[in-house]
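Below is the file entry-v5.cif, which contains mmCIF, C-alpha atoms and all ligand atoms.
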data_data
loop_
_atom_site.label_atom_id
_atom_site.label_comp_id
_atom_site.auth_asym_id
_atom_site.auth_seq_id
_atom_site.Cartn_x
_atom_site.Cartn_y
_atom_site.Cartn_z
CA THR I 1 8.06 19.87 -9.46
CA SER I 2 10.48 18.52 -6.91
CA TYR I 3 8.88 17.29 -3.70
CA GLY I 4 12.15 16.98 -1.86
CA PHE I 5 13.01 13.50 -3.06
CA ARG I 6 14.23 11.85 -6.18
CA GLN I 7 12.40 9.11 -8.01
CA VAL I 8 14.32 6.34 -9.66
CA GLY I 9 13.47 6.04 -13.35
CA SER I 10 10.75 3.48 -13.96
CA GLY I 11 13.02 1.57 -16.30
CA GLU I 12 15.47 0.64 -13.55
CA LYS I 13 13.15 0.32 -10.61
CA GLN I 14 10.10 -1.81 -11.50
CA PRO I 15 11.99 -5.02 -12.46
CA LEU I 16 13.85 -4.90 -9.14
CA VAL I 17 10.60 -4.38 -7.21
CA ASN I 18 8.99 -7.27 -9.07
CA GLU I 19 11.88 -9.58 -8.24
CA VAL I 20 11.72 -8.63 -4.57
CA PHE I 21 8.02 -9.47 -4.22
CA HIS I 22 8.23 -12.55 -6.39
CA LYS I 23 10.93 -13.90 -4.06
CA VAL I 24 9.14 -13.08 -0.82
CA ALA I 25 5.48 -13.76 -1.79
CA LYS I 26 5.12 -17.03 0.14
CA ARG I 27 6.69 -15.60 3.27
CA TYR I 28 5.40 -12.07 2.87
CA ASP I 29 2.83 -12.19 5.68
CA LEU I 30 5.29 -13.67 8.14
CA MET I 31 7.95 -11.12 7.18
CA ASN I 32 5.50 -8.27 7.72
CA ASP I 33 4.85 -9.42 11.26
CA LEU I 34 8.53 -9.86 12.04
CA MET I 35 9.75 -6.64 10.49
CA SER I 36 7.10 -4.39 11.97
CA ALA I 37 6.87 -6.35 15.24
CA GLY I 38 3.20 -6.93 14.39
CA MET I 39 2.47 -3.20 14.16
CA HIS I 40 1.41 -3.30 10.51
CA ARG I 41 -1.79 -4.97 11.73
CA LEU I 42 -2.68 -2.02 13.96
CA TRP I 43 -1.89 0.51 11.23
CA LYS I 44 -4.03 -1.38 8.71
CA ASP I 45 -6.90 -1.61 11.21
CA ALA I 46 -6.59 2.13 11.84
CA MET I 47 -6.67 2.98 8.13
CA VAL I 48 -9.72 0.80 7.52
CA ALA I 49 -11.46 2.34 10.55
CA TRP I 50 -10.80 5.77 9.01
CA LEU I 51 -12.25 4.59 5.69
CA ASN I 52 -15.30 3.30 7.58
CA PRO I 53 -16.81 1.34 4.68
CA PRO I 54 -20.62 1.24 4.56
CA LYS I 55 -22.45 -1.92 5.60
CA ARG I 56 -24.35 -2.22 2.36
CA PRO I 57 -23.80 -4.03 -0.94
CA GLY I 58 -23.05 -2.16 -4.16
CA TRP I 59 -20.10 -0.23 -2.75
CA LYS I 60 -16.83 -0.96 -4.56
CA VAL I 61 -13.26 -0.52 -3.39
CA LEU I 62 -10.08 -0.91 -5.42
CA ASP I 63 -7.09 -1.96 -3.32
CA VAL I 64 -3.98 -1.23 -5.35
CA ALA I 65 -0.68 -3.00 -4.65
CA GLY I 66 -3.03 -5.20 -2.65
CA GLY I 67 -0.60 -8.10 -2.50
CA THR I 68 -1.87 -10.91 -0.32
CA GLY I 69 -5.19 -9.18 0.46
CA ASP I 70 -4.68 -7.76 3.96
CA ILE I 71 -6.48 -4.47 3.29
CA ALA I 72 -9.26 -5.91 1.13
CA PHE I 73 -10.16 -8.55 3.75
CA ARG I 74 -10.24 -5.96 6.53
CA ILE I 75 -12.51 -3.69 4.48
CA ILE I 76 -14.91 -6.52 3.68
CA ASP I 77 -14.98 -7.57 7.35
CA ALA I 78 -15.60 -3.97 8.46
CA SER I 79 -18.60 -3.83 6.09
CA GLN I 80 -19.91 -7.08 7.60
CA GLY I 81 -19.33 -8.85 4.33
CA GLN I 82 -21.31 -6.39 2.23
CA VAL I 83 -18.86 -4.56 -0.05
CA HIS I 84 -16.85 -5.76 -3.01
CA ALA I 85 -13.06 -5.43 -3.22
CA THR I 86 -10.85 -5.59 -6.28
CA VAL I 87 -7.28 -6.46 -5.32
CA LEU I 88 -4.85 -5.20 -7.93
CA ASP I 89 -1.14 -5.98 -7.96
CA ILE I 90 1.61 -6.07 -10.56
CA ASN I 91 2.87 -9.34 -9.13
CA GLY I 92 1.09 -12.62 -9.87
CA SER I 93 2.94 -14.44 -7.08
CA MET I 94 1.55 -12.07 -4.44
CA LEU I 95 -1.96 -12.31 -5.94
CA ALA I 96 -1.82 -16.11 -5.93
CA VAL I 97 -1.26 -16.06 -2.16
CA GLY I 98 -4.09 -13.53 -1.82
CA ARG I 99 -6.53 -15.62 -3.82
CA GLU I 100 -5.78 -18.67 -1.69
CA ARG I 101 -6.34 -16.67 1.50
CA ALA I 102 -9.64 -15.27 0.17
CA GLU I 103 -10.89 -18.79 -0.46
CA LYS I 104 -9.85 -19.98 3.00
CA ARG I 105 -11.72 -17.07 4.57
CA GLY I 106 -14.83 -17.64 2.50
CA LEU I 107 -14.41 -14.23 0.83
CA ALA I 108 -13.95 -15.39 -2.76
CA ALA I 109 -17.36 -14.00 -3.78
CA ASN I 110 -16.49 -10.54 -2.43
CA THR I 111 -13.12 -10.28 -4.17
CA ASP I 112 -11.53 -10.00 -7.61
CA PHE I 113 -7.83 -10.30 -8.26
CA VAL I 114 -6.35 -8.29 -11.10
CA GLU I 115 -2.74 -8.35 -12.27
CA ALA I 116 -1.92 -4.84 -13.47
CA ASN I 117 0.22 -1.76 -12.94
CA ALA I 118 -0.84 1.07 -10.63
CA GLU I 119 0.40 3.46 -13.31
CA GLU I 120 -2.06 2.07 -15.87
CA LEU I 121 -5.28 0.87 -14.29
CA PRO I 122 -7.42 -1.33 -16.56
CA PHE I 123 -10.70 0.30 -15.45
CA ALA I 124 -13.05 2.94 -16.84
CA ASP I 125 -13.19 6.45 -15.36
CA ASN I 126 -15.45 6.92 -12.32
CA SER I 127 -15.65 3.21 -11.43
CA PHE I 128 -14.94 2.94 -7.68
CA ASP I 129 -16.24 4.39 -4.43
CA ALA I 130 -12.84 4.11 -2.78
CA TYR I 131 -9.21 3.54 -3.70
CA THR I 132 -6.81 2.19 -1.10
CA ILE I 133 -3.11 1.49 -1.29
CA ALA I 134 -1.03 0.25 1.66
CA PHE I 135 2.74 0.07 1.66
CA GLY I 136 2.57 0.06 -2.10
CA ILE I 137 2.95 3.53 -3.51
CA ARG I 138 6.59 3.92 -2.58
CA ASN I 139 7.34 0.94 -4.83
CA VAL I 140 5.69 2.55 -7.85
CA PRO I 141 8.28 4.27 -10.07
CA ARG I 142 6.11 7.24 -11.08
CA ILE I 143 4.04 8.13 -8.04
CA GLU I 144 2.30 11.09 -9.67
CA VAL I 145 1.13 8.85 -12.54
CA ALA I 146 -0.35 6.38 -10.02
CA LEU I 147 -2.09 9.24 -8.18
CA GLY I 148 -3.54 10.49 -11.47
CA GLU I 149 -4.90 7.02 -12.19
CA ALA I 150 -6.40 6.83 -8.69
CA PHE I 151 -8.21 10.10 -9.34
CA ARG I 152 -9.44 8.95 -12.75
CA VAL I 153 -10.99 5.64 -11.66
CA LEU I 154 -12.71 7.07 -8.57
CA LYS I 155 -16.32 8.20 -8.82
CA PRO I 156 -17.03 11.82 -7.97
CA GLY I 157 -17.41 11.75 -4.19
CA GLY I 158 -14.92 8.88 -4.02
CA ARG I 159 -12.28 8.52 -1.35
CA PHE I 160 -8.53 8.00 -1.67
CA LEU I 161 -6.64 6.45 1.25
CA CYS I 162 -2.97 5.60 1.34
CA LEU I 163 -1.00 3.95 4.13
CA GLU I 164 2.75 4.24 3.90
CA PHE I 165 5.91 4.43 5.95
CA SER I 166 6.60 8.04 6.72
CA GLU I 167 8.81 10.43 8.62
CA VAL I 168 9.19 9.70 12.31
CA GLU I 169 8.26 12.87 14.17
CA MET I 170 9.24 11.79 17.67
CA PRO I 171 12.72 12.44 19.05
CA LEU I 172 14.52 9.24 20.07
CA LEU I 173 12.00 7.03 18.32
CA ASP I 174 13.58 8.16 15.03
CA LYS I 175 17.00 6.89 16.15
CA VAL I 176 15.65 3.56 17.37
CA TYR I 177 13.69 3.19 14.15
CA GLU I 178 16.67 4.03 11.96
CA SER I 179 18.84 1.47 13.65
CA TRP I 180 16.06 -1.13 13.51
CA SER I 181 15.42 -0.62 9.83
CA PHE I 182 18.96 -0.35 8.53
CA ASN I 183 20.41 -3.14 10.71
CA ALA I 184 17.70 -5.52 11.85
CA ILE I 185 15.36 -5.65 8.86
CA PRO I 186 17.89 -6.86 6.25
CA LYS I 187 19.15 -9.43 8.79
CA ILE I 188 15.66 -10.76 9.49
CA GLY I 189 15.06 -10.83 5.74
CA LYS I 190 18.21 -12.84 5.21
CA ALA I 191 17.42 -15.25 8.03
CA VAL I 192 13.88 -15.96 6.81
CA THR I 193 14.25 -15.82 3.03
CA GLY I 194 17.97 -16.46 2.64
CA ASP I 195 18.55 -13.10 1.01
CA GLY I 196 19.04 -9.73 2.71
CA GLU I 197 19.37 -7.74 -0.52
CA PRO I 198 15.63 -7.26 -1.21
CA TYR I 199 15.13 -5.94 2.29
CA ALA I 200 17.99 -3.51 1.99
CA TYR I 201 16.10 -2.17 -1.06
CA LEU I 202 12.87 -1.86 0.93
CA VAL I 203 14.55 0.07 3.73
CA GLU I 204 16.16 2.41 1.24
CA SER I 205 12.88 3.01 -0.55
CA ILE I 206 11.32 4.04 2.79
CA ALA I 207 14.11 6.52 3.45
CA LYS I 208 13.59 8.06 -0.02
CA PHE I 209 9.82 8.44 0.21
CA PRO I 210 8.47 12.01 0.70
CA ASN I 211 7.44 13.08 4.20
CA GLN I 212 3.84 13.66 5.31
CA GLN I 213 3.57 17.27 4.10
CA ASN I 214 5.26 16.69 0.75
CA PHE I 215 3.17 13.63 0.02
CA ALA I 216 0.00 15.52 0.92
CA ALA I 217 1.01 18.17 -1.62
CA MET I 218 1.42 15.51 -4.31
CA ILE I 219 -2.05 14.13 -3.57
CA GLY I 220 -3.48 17.64 -3.87
CA ALA I 221 -1.62 18.15 -7.15
CA ALA I 222 -3.36 15.05 -8.54
CA GLY I 223 -6.72 16.80 -8.02
CA PHE I 224 -7.82 15.50 -4.62
CA GLU I 225 -9.45 17.80 -2.10
CA ARG I 226 -9.69 17.93 1.68
CA VAL I 227 -6.31 16.19 1.87
CA SER I 228 -5.25 15.24 5.38
CA PHE I 229 -3.09 12.69 7.13
CA ARG I 230 -2.82 10.83 10.42
CA ASN I 231 0.42 9.62 11.94
CA TYR I 232 0.64 6.16 13.44
CA THR I 233 3.31 5.21 16.00
CA GLY I 234 4.96 8.62 15.96
CA GLY I 235 4.99 8.78 12.17
CA ILE I 236 6.66 5.43 11.45
CA ALA I 237 3.59 5.04 9.28
CA ALA I 238 1.01 7.59 8.14
CA ALA I 239 -2.34 7.39 6.40
CA HIS I 240 -3.24 10.07 3.85
CA SER I 241 -6.80 10.78 2.82
CA GLY I 242 -8.27 12.77 -0.06
CA TRP I 243 -11.58 13.14 -1.86
CA LYS I 244 -12.49 13.40 -5.53
CA LEU I 245 -15.15 16.06 -5.35
N1 LIG D 301 -0.87 -3.87 0.41
C1 LIG D 301 -0.24 -5.09 0.88
C2 LIG D 301 0.01 -5.00 2.37
O1 LIG D 301 -0.11 -3.91 2.90
O2 LIG D 301 0.33 -6.01 3.00
C3 LIG D 301 1.06 -5.40 0.11
C4 LIG D 301 2.15 -4.38 0.22
S1 LIG D 301 3.68 -4.90 -0.46
C5 LIG D 301 4.83 -4.11 0.63
C6 LIG D 301 3.87 -3.95 -1.93
C7 LIG D 301 3.13 -4.50 -3.14
O3 LIG D 301 3.20 -3.54 -4.19
C8 LIG D 301 3.71 -5.78 -3.70
O4 LIG D 301 2.73 -6.79 -3.70
C9 LIG D 301 4.12 -5.39 -5.12
O5 LIG D 301 4.01 -6.43 -6.07
C10 LIG D 301 3.20 -4.24 -5.41
N2 LIG D 301 3.62 -3.35 -6.51
C11 LIG D 301 4.86 -2.87 -6.74
N3 LIG D 301 4.88 -2.08 -7.81
C12 LIG D 301 3.60 -2.04 -8.29
C13 LIG D 301 2.96 -1.38 -9.39
N4 LIG D 301 3.66 -0.59 -10.21
N5 LIG D 301 1.64 -1.56 -9.56
C14 LIG D 301 0.92 -2.36 -8.73
N6 LIG D 301 1.48 -3.01 -7.68
C15 LIG D 301 2.79 -2.85 -7.46
#
Write the structure described by the file as structure tokens, please.
Amino acid sequence: TSYGFRQVGSGEKQPLVNEVFHKVAKRYDLMNDLMSAGMHRLWKDAMVAWLNPPKRPGWKVLDVAGGTGDIAFRIIDASQGQVHATVLDINGSMLAVGRERAEKRGLAANTDFVEANAEELPFADNSFDAYTIAFGIRNVPRIEVALGEAFRVLKPGGRFLCLEFSEVEMPLLDKVYESWSFNAIPKIGKAVTGDGEPYAYLVESIAKFPNQQNFAAMIGAAGFERVSFRNYTGGIAAAHSGWKL
């Protein structure tokens, strides 16, 4: 099926993605704040509030493309330190930063860090109560394979939540956003990391990602039910939710 966008073959895309995040790992958190003008924090808070993790031990979340741990730490905090988070990422450099942050925050006991591919999760079927992925799925070459894996590792009754850049649905804001992303972001990237190229890739990958409706259809096609989404900041970002029932 075509969902109104074209995916780059996994052969060409993943090595490029890996190089980008290997290069930026140490400055990733700073870059996030600069490039989104701090807004990624609000979007992440909103997604975790929607997830509303329980305040009891025994509940397990898998945060895929979890990078430096932003989502996992928020989920643990929201559960008042009760739940367990597995942070999975294909990039060891990002995970190393995450592990260090977990220790500094005293969250090492609540977290695991696993280096693996979202397209091939090293977990048994029906293992997790929730699966989260933030600003990660658009980097995965075969999105429908990653969605299938999400469905497989979730327990029946488990929740899927994805935060991603999306289609701006507010007139004017879309123009401002376009100019910001195509002009400012690669320049900030170059100024901070010495290389604008990786950021040009990131901006392009956002433009290529399916819009809210098309992505919801893909989530449904993977088997999830009660699929819905919420726009943040006029659709600059959106969170999608689905349930394995
Ligand atoms: N979730 C974090 C956040 O919101 O701050 C990090 C997002 S970062 C933009 C994207 C992450 O996706 C990177 O850490 C990258 O290594 C990871 N990634 C890219 N391709 C992946 C794949 N196939 N499987 C797992 N992780 C992947």
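Of the residues under consideration (I:Met39, I:Leu121, I:Leu95, I:Ile75), I:Ile75 shows the shortest atom-to-atom contact distance to I:Asn52 when counting all atoms listed in the file.
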Shortest contact to I:Glu12, candidates I:Ala237, I:Val145, I:Val140, I:Val48, atoms counted all atoms listed in the file, goes to I:Val140
Write out as CSV a residue-level contact list of chain I versus ligand LIG 301 (chain D) with cut-off 6 Å: for each qualifying residue the closest pair of atoms and the distance in Å to one decimal, counting all atoms listed in the file, rows sorted by chain and residue number upward.
residue,atom,partner,partner_atom,distance
I:Val17,CA,D:LIG301,C11,6.0
I:Asn18,CA,D:LIG301,O5,5.9
I:Phe21,CA,D:LIG301,O5,5.4
I:Ala65,CA,D:LIG301,N6,3.7
I:Gly66,CA,D:LIG301,N1,4.0
I:Gly67,CA,D:LIG301,O4,3.8
I:Asp70,CA,D:LIG301,O2,5.4
I:Asp89,CA,D:LIG301,N6,4.0
I:Ile90,CA,D:LIG301,C14,4.2
I:Asn91,CA,D:LIG301,O5,4.4
I:Met94,CA,D:LIG301,O4,5.5
I:Asn117,CA,D:LIG301,N5,3.7
I:Ala118,CA,D:LIG301,N5,3.8
I:Ala134,CA,D:LIG301,N1,4.3
I:Phe135,CA,D:LIG301,C4,4.7
I:Gly136,CA,D:LIG301,O3,4.2
I:Asn139,CA,D:LIG301,N3,4.9
I:Val140,CA,D:LIG301,N4,4.4
Atom-to-atom span, atom CA of I:Tyr177 and atom CA of I:Leu163, Å: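 So the answer is 17.8 Å.
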Can you work out which one of I:Val61, I:Ala96, I:Ser36, I:His240 has the shortest atom-to-atom distance to I:Ala184, counting all atoms listed in the file?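 Using all atoms listed in the file, I:Ala184 sits closest to I:Ser36.
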Quick one: pull the distance between atom CA of I:Gln82 and atom CA of I:Leu107, Å, one decimal.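 For atom CA of I:Gln82 relative to atom CA of I:Leu107, the distance reads 10.5 Å.
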Report as a ChimeraX atom specification all protein, DNA and RNA residues lying within 8 Å of stretch 210-225 of chain I, evaluated on all atoms listed in the file, omitting residues in the same chain fewer than 4 positions from it. /I:3-5,144,147-148,151,166-167,229,238,240,242-245
Take stretch 155-179 of chain I, bring it up to N, CA and C atoms, and give me the output as a short mmCIF file (atom, residue, chain, number, x, y, z; two decimals), in the coordinates of the input.
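Ended up saving to rebuild_5.cif:
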data_model
loop_
_atom_site.label_atom_id
_atom_site.label_comp_id
_atom_site.auth_asym_id
_atom_site.auth_seq_id
_atom_site.Cartn_x
_atom_site.Cartn_y
_atom_site.Cartn_z
N LYS I 155 -15.10 7.45 -8.50
CA LYS I 155 -16.32 8.20 -8.82
C LYS I 155 -16.23 9.57 -8.17
N PRO I 156 -16.94 10.56 -8.71
CA PRO I 156 -17.03 11.82 -7.97
C PRO I 156 -17.62 11.52 -6.59
N GLY I 157 -16.99 12.08 -5.56
CA GLY I 157 -17.41 11.75 -4.19
C GLY I 157 -16.60 10.60 -3.62
N GLY I 158 -15.71 10.04 -4.44
CA GLY I 158 -14.92 8.88 -4.02
C GLY I 158 -13.75 9.27 -3.12
N ARG I 159 -13.29 8.30 -2.40
CA ARG I 159 -12.28 8.52 -1.35
C ARG I 159 -10.97 7.85 -1.71
N PHE I 160 -9.87 8.55 -1.51
CA PHE I 160 -8.53 8.00 -1.67
C PHE I 160 -7.90 7.84 -0.30
N LEU I 161 -7.34 6.67 -0.03
CA LEU I 161 -6.64 6.45 1.25
C LEU I 161 -5.35 5.70 1.00
N CYS I 162 -4.27 6.23 1.54
CA CYS I 162 -2.97 5.60 1.34
C CYS I 162 -2.26 5.43 2.67
N LEU I 163 -1.79 4.23 2.93
CA LEU I 163 -1.00 3.95 4.13
C LEU I 163 0.44 3.71 3.69
N GLU I 164 1.36 4.40 4.33
CA GLU I 164 2.75 4.24 3.90
C GLU I 164 3.69 4.56 5.06
N PHE I 165 4.90 4.02 4.99
CA PHE I 165 5.91 4.43 5.95
C PHE I 165 6.16 5.92 5.76
N SER I 166 6.47 6.60 6.84
CA SER I 166 6.60 8.04 6.72
C SER I 166 7.74 8.56 7.57
N GLU I 167 7.69 9.85 7.90
CA GLU I 167 8.81 10.43 8.62
C GLU I 167 8.51 10.42 10.12
N VAL I 168 9.40 9.80 10.88
CA VAL I 168 9.19 9.70 12.31
C VAL I 168 9.32 11.09 12.92
N GLU I 169 8.29 11.50 13.65
CA GLU I 169 8.26 12.87 14.17
C GLU I 169 8.40 12.90 15.69
N MET I 170 9.02 11.81 16.24
CA MET I 170 9.24 11.79 17.67
C MET I 170 10.72 11.65 17.94
N PRO I 171 11.30 12.57 18.74
CA PRO I 171 12.72 12.44 19.05
C PRO I 171 12.98 11.10 19.73
N LEU I 172 14.13 10.56 19.53
CA LEU I 172 14.52 9.24 20.07
C LEU I 172 13.93 8.08 19.29
N LEU I 173 12.60 8.12 19.09
CA LEU I 173 12.00 7.03 18.32
C LEU I 173 12.65 6.98 16.92
N ASP I 174 12.97 8.16 16.37
CA ASP I 174 13.58 8.16 15.03
C ASP I 174 14.92 7.43 15.02
N LYS I 175 15.69 7.56 16.09
CA LYS I 175 17.00 6.89 16.15
C LYS I 175 16.83 5.37 16.29
N VAL I 176 15.90 4.99 17.16
CA VAL I 176 15.65 3.56 17.37
C VAL I 176 15.18 2.94 16.05
N TYR I 177 14.28 3.68 15.39
CA TYR I 177 13.69 3.19 14.15
C TYR I 177 14.75 3.06 13.06
N GLU I 178 15.62 4.04 12.98
CA GLU I 178 16.67 4.03 11.96
C GLU I 178 17.57 2.81 12.15
N SER I 179 17.95 2.57 13.38
CA SER I 179 18.84 1.47 13.65
C SER I 179 18.13 0.13 13.38
#
